[in-house]
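structure.txt follows (compact mmCIF, C-alpha atoms):
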# COMPACT_ATOMS: atom_id res chain seq x y z
CA MET K 233 -32.95 2.89 -40.64
CA HIS K 234 -33.44 3.76 -36.96
CA ASP K 235 -34.21 0.96 -34.51
CA VAL K 236 -37.52 2.64 -33.62
CA SER K 237 -38.65 2.50 -37.26
CA ARG K 238 -37.51 -1.11 -37.54
CA GLN K 239 -39.47 -2.00 -34.42
CA SER K 240 -42.60 -0.26 -35.66
CA PHE K 241 -42.21 -1.98 -39.04
CA GLU K 242 -41.88 -5.34 -37.30
CA GLN K 243 -45.10 -4.56 -35.43
CA ILE K 244 -46.87 -3.60 -38.68
CA VAL K 245 -45.78 -6.91 -40.25
CA ALA K 246 -46.98 -8.86 -37.20
CA ASP K 247 -50.34 -7.07 -37.16
CA ASN K 248 -51.06 -7.24 -40.89
CA GLN K 249 -49.33 -10.35 -42.28
CA SER K 250 -52.45 -12.55 -42.22
CA ARG K 251 -54.66 -9.81 -43.64
CA VAL K 252 -52.32 -9.06 -46.56
CA TYR K 253 -51.56 -12.71 -47.28
CA SER K 254 -55.26 -13.65 -47.17
CA LEU K 255 -56.26 -10.85 -49.52
CA ALA K 256 -53.72 -12.12 -52.06
CA LEU K 257 -54.61 -15.78 -51.43
CA HIS K 258 -58.37 -15.32 -51.71
CA TYR K 259 -57.90 -13.31 -54.87
CA LEU K 260 -55.24 -15.41 -56.63
CA ARG K 261 -55.97 -18.84 -55.06
CA ASP K 262 -52.27 -19.66 -55.32
CA HIS K 263 -50.26 -19.99 -52.08
CA PRO K 264 -46.69 -19.38 -53.40
CA THR K 265 -47.69 -16.34 -55.45
CA ALA K 266 -49.80 -14.96 -52.59
CA GLU K 267 -46.80 -15.26 -50.25
CA GLU K 268 -44.41 -13.72 -52.79
CA ILE K 269 -46.73 -10.78 -53.48
CA SER K 270 -47.40 -10.21 -49.75
CA GLN K 271 -43.69 -10.13 -48.99
CA ASP K 272 -43.04 -7.72 -51.86
CA VAL K 273 -45.83 -5.46 -50.59
CA PHE K 274 -44.28 -5.36 -47.09
CA LEU K 275 -40.86 -4.56 -48.59
CA GLN K 276 -42.47 -1.78 -50.59
CA LEU K 277 -43.96 -0.47 -47.34
CA PHE K 278 -40.53 -0.71 -45.68
CA ARG K 279 -39.12 1.63 -48.33
CA ASP K 280 -42.08 4.00 -47.87
CA LEU K 281 -42.04 3.82 -44.06
CA PRO K 282 -41.03 7.48 -43.49
CA ARG K 283 -44.28 8.50 -45.19
CA ILE K 284 -46.49 6.26 -43.01
CA GLU K 285 -48.24 8.30 -40.33
CA SER K 286 -50.00 5.67 -38.20
CA SER K 287 -50.88 2.01 -37.95
CA ALA K 288 -54.27 2.77 -39.55
CA HIS K 289 -52.48 4.48 -42.43
CA ALA K 290 -50.19 1.45 -42.79
CA ARG K 291 -53.21 -0.88 -42.88
CA TRP K 292 -54.89 1.25 -45.57
CA TRP K 293 -51.62 1.47 -47.54
CA LEU K 294 -51.12 -2.32 -47.40
CA ARG K 295 -54.69 -3.08 -48.51
CA ARG K 296 -54.36 -0.73 -51.46
CA ALA K 297 -50.89 -2.02 -52.44
CA VAL K 298 -51.84 -5.70 -52.29
CA CYS K 299 -55.06 -5.01 -54.19
CA HIS K 300 -53.19 -3.37 -57.08
CA ARG K 301 -50.39 -5.97 -57.03
CA CYS K 302 -53.07 -8.65 -57.41
CA PHE K 303 -54.53 -6.84 -60.42
CA ASP K 304 -51.03 -6.63 -61.95
CA GLU K 305 -50.49 -10.34 -61.33
CA THR K 306 -53.81 -11.20 -63.00
CA ARG K 307 -52.84 -9.12 -66.02
CA LYS K 308 -49.50 -10.97 -66.22
CA ARG K 309 -51.23 -14.34 -65.90
CA LYS K 310 -53.44 -13.60 -68.85
CA HIS K 311 -50.25 -13.67 -70.92
CA ARG K 312 -48.53 -16.44 -68.96
CA PRO K 313 -50.95 -18.95 -67.38
CA ARG K 314 -49.81 -20.45 -64.07
CA PRO K 315 -51.21 -23.32 -61.98
CA GLY K 316 -53.93 -22.22 -59.57
CA LEU K 317 -54.82 -23.37 -56.08
CA GLU K 318 -56.42 -26.51 -57.43
CA ALA K 319 -52.98 -27.75 -58.50
CA VAL K 320 -51.28 -26.92 -55.20
CA PRO K 321 -51.77 -29.02 -52.07
CA GLU K 322 -53.08 -27.19 -48.98
CA PRO K 323 -50.41 -26.66 -46.29
CA ALA K 324 -50.79 -28.80 -43.18
CA ALA K 325 -51.60 -25.78 -40.97
CA LEU K 326 -54.63 -24.89 -43.08
CA ASN K 327 -56.06 -28.42 -42.97
CA ARG K 328 -56.52 -28.05 -39.23
CA GLU K 329 -58.96 -25.16 -39.75
CA VAL K 330 -62.65 -25.78 -40.08
CA ASP K 331 -63.14 -25.52 -43.82
CA SER K 332 -66.58 -26.69 -44.79
CA PHE K 333 -67.60 -27.83 -48.21
CA LEU K 334 -69.85 -24.78 -48.60
CA ASN K 335 -67.03 -22.36 -47.76
CA ASP K 336 -64.78 -24.03 -50.30
CA ARG K 337 -67.58 -23.94 -52.88
CA LEU K 338 -68.08 -20.22 -52.19
CA ARG K 339 -64.39 -19.47 -52.59
CA ARG K 340 -64.39 -21.26 -55.94
CA LEU K 341 -67.44 -19.30 -57.07
CA ILE K 342 -65.79 -16.03 -56.00
CA ALA K 343 -62.71 -17.05 -57.99
CA ASP K 344 -64.90 -17.25 -61.11
CA LEU K 345 -66.05 -13.62 -60.73
CA PRO K 346 -64.44 -10.92 -62.91
CA ASP K 347 -61.22 -9.40 -61.47
CA HIS K 348 -62.62 -6.19 -59.97
CA ALA K 349 -65.84 -7.81 -58.72
CA ARG K 350 -63.72 -10.53 -57.06
CA MET K 351 -61.55 -8.00 -55.22
CA THR K 352 -64.65 -6.03 -54.22
CA MET K 353 -66.18 -9.15 -52.63
CA ILE K 354 -62.94 -10.01 -50.81
CA LEU K 355 -62.51 -6.50 -49.43
CA ARG K 356 -66.18 -6.45 -48.38
CA TYR K 357 -66.37 -9.86 -46.71
CA GLN K 358 -62.80 -10.54 -45.62
CA GLU K 359 -61.91 -7.02 -44.52
CA ASP K 360 -65.47 -5.93 -43.66
CA MET K 361 -64.94 -2.66 -45.53
CA ASP K 362 -67.85 -0.48 -46.61
CA PRO K 363 -68.37 0.44 -50.29
CA ALA K 364 -66.88 3.94 -49.86
CA GLU K 365 -63.63 2.52 -48.44
CA ILE K 366 -63.47 -0.11 -51.19
CA ALA K 367 -64.04 2.57 -53.83
CA GLU K 368 -61.15 4.64 -52.41
CA ILE K 369 -58.76 1.67 -52.42
CA MET K 370 -59.75 0.48 -55.89
CA LYS K 371 -59.94 4.01 -57.31
CA VAL K 372 -63.46 3.52 -58.72
CA PRO K 373 -66.78 5.32 -58.02
CA VAL K 374 -68.81 4.12 -55.01
CA SER K 375 -71.75 3.38 -57.31
CA THR K 376 -69.54 0.91 -59.25
CA VAL K 377 -68.62 -0.89 -56.02
CA LYS K 378 -72.27 -1.06 -54.94
CA SER K 379 -73.44 -2.43 -58.27
CA GLN K 380 -70.55 -4.96 -58.36
CA LEU K 381 -71.47 -6.19 -54.88
CA HIS K 382 -75.14 -6.43 -55.78
CA ARG K 383 -74.45 -8.25 -59.05
CA SER K 384 -71.89 -10.60 -57.52
CA LEU K 385 -74.25 -11.58 -54.69
CA ALA K 386 -76.98 -12.27 -57.24
CA VAL K 387 -74.60 -14.40 -59.33
CA LEU K 388 -73.43 -16.39 -56.29
CA ARG K 389 -76.97 -16.87 -55.01
CA GLY K 390 -78.10 -18.05 -58.44
CA LYS K 391 -75.24 -20.54 -58.80
CA LEU K 392 -75.68 -21.87 -55.25
CA LYS K 393 -79.43 -22.30 -55.75
CA LYS K 394 -78.75 -24.21 -58.95
CA GLN K 395 -76.60 -26.57 -56.92
CA GLU K 396 -79.24 -26.69 -54.16
CA VAL K 397 -76.75 -25.50 -51.58
CA CYS K 398 -78.35 -22.19 -50.74
CA ARG K 399 -81.35 -22.26 -48.41
CA MET S 140 -83.06 -7.89 -45.99
CA ASN S 141 -83.96 -11.13 -47.67
CA PRO S 142 -83.11 -14.05 -45.28
CA ASP S 143 -81.35 -15.84 -48.16
CA GLU S 144 -79.12 -12.82 -48.69
CA PHE S 145 -78.37 -12.55 -44.96
CA ASP S 146 -77.33 -16.21 -44.88
CA LEU S 147 -75.19 -15.81 -47.98
CA GLU S 148 -73.41 -12.73 -46.62
CA ASP S 149 -72.77 -14.46 -43.32
CA GLN S 150 -71.46 -17.52 -45.17
CA LEU S 151 -69.22 -15.30 -47.31
CA ARG S 152 -67.67 -13.79 -44.17
CA GLN S 153 -66.92 -17.30 -42.95
CA ALA S 154 -65.55 -18.44 -46.30
CA LEU S 155 -63.31 -15.40 -46.59
CA GLN S 156 -62.00 -15.42 -43.04
CA PRO S 157 -58.33 -14.38 -43.02
CA LYS S 158 -55.95 -17.31 -43.29
CA ARG S 159 -52.85 -17.45 -41.15
CA ALA S 160 -49.75 -16.27 -42.98
CA PRO S 161 -47.29 -19.13 -43.66
CA ALA S 162 -44.89 -20.02 -40.85
CA GLY S 163 -41.86 -17.73 -40.78
CA PHE S 164 -43.51 -15.12 -43.00
CA ALA S 165 -42.59 -12.17 -40.73
CA SER S 166 -39.02 -13.35 -40.25
CA LYS S 167 -38.59 -13.77 -44.02
CA VAL S 168 -39.81 -10.18 -44.54
CA MET S 169 -37.46 -8.88 -41.84
CA ALA S 170 -34.54 -10.84 -43.36
CA ARG S 171 -35.28 -9.30 -46.75
CA THR S 172 -35.32 -5.81 -45.23
CA ARG S 173 -31.93 -6.51 -43.63
CA ALA S 174 -30.62 -7.74 -46.98
CA LYS S 175 -31.82 -4.47 -48.49
CA GLN S 176 -30.21 -2.38 -45.72
CA PRO S 177 -26.58 -2.55 -46.93
CA TRP S 178 -27.77 -1.49 -50.35
CA HIS S 179 -29.32 1.63 -48.78
CA GLN S 180 -26.22 2.20 -46.70
CA ASN S 181 -23.96 1.77 -49.73
CA TRP S 182 -26.19 4.07 -51.70
CA ASN S 183 -26.01 6.71 -48.95
CA GLY S 184 -22.25 6.15 -48.76
CA ALA S 185 -21.92 6.58 -52.50
CA ILE S 186 -23.91 9.81 -52.37
CA THR S 187 -21.72 11.13 -49.51
CA LEU S 188 -18.57 10.09 -51.37
CA ALA S 189 -19.76 11.82 -54.54
CA MET S 190 -20.56 14.98 -52.57
CA VAL S 191 -17.13 15.00 -50.91
CA ALA S 192 -15.45 14.36 -54.27
CA GLY S 193 -17.44 17.20 -55.79
CA LEU S 194 -16.46 19.52 -52.97
CA VAL S 195 -12.76 18.61 -53.32
CA MET S 196 -12.92 19.14 -57.08
CA ALA S 197 -14.65 22.48 -56.54
CA VAL S 198 -11.71 23.63 -54.37
CA VAL S 199 -8.78 21.92 -56.14
CA ILE S 200 -9.66 22.83 -59.74
CA PRO S 201 -9.82 26.66 -59.24
CA VAL S 202 -6.63 26.61 -57.10
CA THR S 203 -4.76 24.60 -59.77
CA LEU S 204 -6.01 26.87 -62.52
CA ALA S 205 -4.98 30.02 -60.60
CA SER S 206 -1.53 28.59 -59.89
CA ARG S 207 -1.02 27.64 -63.56
CA ARG S 208 -2.13 31.13 -64.69
CA GLN S 209 0.38 32.71 -62.27
CA GLU S 210 3.15 30.44 -63.55
CA ASP S 211 2.33 31.35 -67.17
CA ARG S 212 2.49 35.07 -66.29
CA ALA S 213 5.90 34.59 -64.58
CA ILE S 214 7.31 32.76 -67.63
CA GLU S 215 6.03 35.52 -69.92
CA ALA S 216 7.60 38.21 -67.67
CA ARG S 217 10.95 36.35 -67.67
CA ASN S 218 10.90 36.09 -71.49
CA GLN S 219 10.11 39.82 -71.78
CA LEU S 220 13.01 40.61 -69.40
CA ILE S 221 15.42 38.43 -71.45
CA THR S 222 14.33 40.22 -74.65
CA ALA S 223 14.78 43.65 -72.95
CA LEU S 224 18.24 42.67 -71.69
CA GLY S 225 19.19 41.47 -75.19
CA ILE S 226 18.11 44.82 -76.69
CA THR S 227 19.97 46.73 -73.95
CA LYS S 228 23.12 44.64 -74.61
CA ILE S 229 23.00 45.48 -78.33
CA GLN S 230 22.46 49.19 -77.61
CA ILE S 231 25.34 49.28 -75.10
CA ARG S 232 27.59 47.54 -77.64
CA GLN S 233 26.64 50.09 -80.34
CA VAL S 234 27.30 53.05 -77.97
CA ASN S 235 30.59 51.47 -76.96
CA GLU S 236 31.66 51.13 -80.62
CA LYS S 237 30.75 54.76 -81.37
CA ILE S 238 32.75 55.98 -78.35
CA SER S 239 35.74 53.88 -79.42
CA GLN S 240 35.57 55.26 -82.98
CA ARG S 241 35.38 58.89 -81.72
CA ILE S 242 38.33 58.33 -79.38
CA LYS S 243 40.35 56.90 -82.30
CA ARG S 244 39.44 59.89 -84.53
CA ASN S 245 40.27 62.51 -81.88
CA ARG S 246 43.62 60.93 -80.86
CA PRO S 247 46.50 63.07 -82.23
CA ALA S 248 48.80 61.32 -84.68
CA LEU S 249 52.23 60.61 -83.25
Encoded form (structure tokens):
Amino acid sequence: MHDVSRQSFEQIVADNQSRVYSLALHYLRDHPTAEEISQDVFLQLFRDLPRIESSAHARWWLRRAVCHRCFDETRKRKHRPRPGLEAVPEPAALNREVDSFLNDRLRRLIADLPDHARMTMILRYQEDMDPAEIAEIMKVPVSTVKSQLHRSLAVLRGKLKKQEVCR
Amino acid sequence: MNPDEFDLEDQLRQALQPKRAPAGFASKVMARTRAKQPWHQNWNGAITLAMVAGLVMAVVIPVTLASRRQEDRAIEARNQLITALGITKIQIRQVNEKISQRIKRNRPAL
């Protein structure tokens, strides 16, 4: 590979590592697997680098790749259960971040959503993507994304109200 | 928008804020790409080697075949020549015998 490509790849990794890792982490709630999947996705991108046209294209490619890798991982886990985030201690760096009880509660509630609804919520609220972009990445109709978002918000609101957390 | 919903969406954005990638994440990725590099290089090398080998075979095989065909034709020609010489030798011997017999018959008795 040319040095220029290597440099641009290094820049892509630097710009997107937190985004890709967080997508996998919020979806799987398992630090080691999230890191493993994120690294694999970047290596996959490295092999496909000649086909990447811009940094925006790379960002779109990475979001789509990590999203589908997460779905694959969930399918595998259904056959081979693995310990989730609850069983893994938080790394020291994360403890320094402001992580309120409500945020943690919300993340747990999102983790209970069905696979596609969960990814839809993460792409919407972590990545701030609109339903059309989410639909393109997840290869589903926009109407499905909209109804998943609507239903998931209703479910979360209902559960939070039950616990008297929601205003 | 319902104020409850607005609060929930805002809270979701906070809850799902991107987390920092683990320390050394980028360097691990770069190290893995470097580990992959020789494989690519070897693969490219193997393809080049196979192409060169193919090219050599494409030249050497026809030349060898042509040379062998020429050699076979030369051996066949030599064998035909030996046979022809053998026949000629027999014919010369026969003519020689006839001439000798005629000379004997025509020689006056002493």
Inset, instruction - Between atom CA of K:Leu385 and atom CA of K:Ile366, measure the distance and give it in Å to one decimal. - result: 16.1 Å
Inset, instruction - May I have the residues of chain K within 9 Å of chain S, counting only C-alpha atoms, written as a PyMOL selection string? - result: chain K and resi 233+238+241-242+245-246+249-255+257-258+263+267+271-272+274-275+278-279+323+325-326+331-332+334-339+353-354+356-360+385-386+388-389+398-399
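Atom to atom, atom CA of K:Arg295 and atom CA of K:Tyr259 stand 12.5 Å apart.
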Legend entry - Between atom CA of S:Thr187 and atom CA of K:Leu281 - distance in Å to one decimal: 22.3 Å
Legend entry - Nearby residues (all atoms listed in the file) at most 12 Å from K:Arg383, same-chain spacing under 4 positions excluded, as a list in words: Leu345, Pro346, Ala349, Arg350, Thr352, Met353, Thr376, Val377, Lys378, Ser379, Val387, Leu388, Arg389 and Gly390 of chain K
Legend entry - Residue among K:Ala364, K:Ser237, K:Phe333, K:Met351 lying closest to K:Pro282, counting only C-alpha atoms: K:Ser237
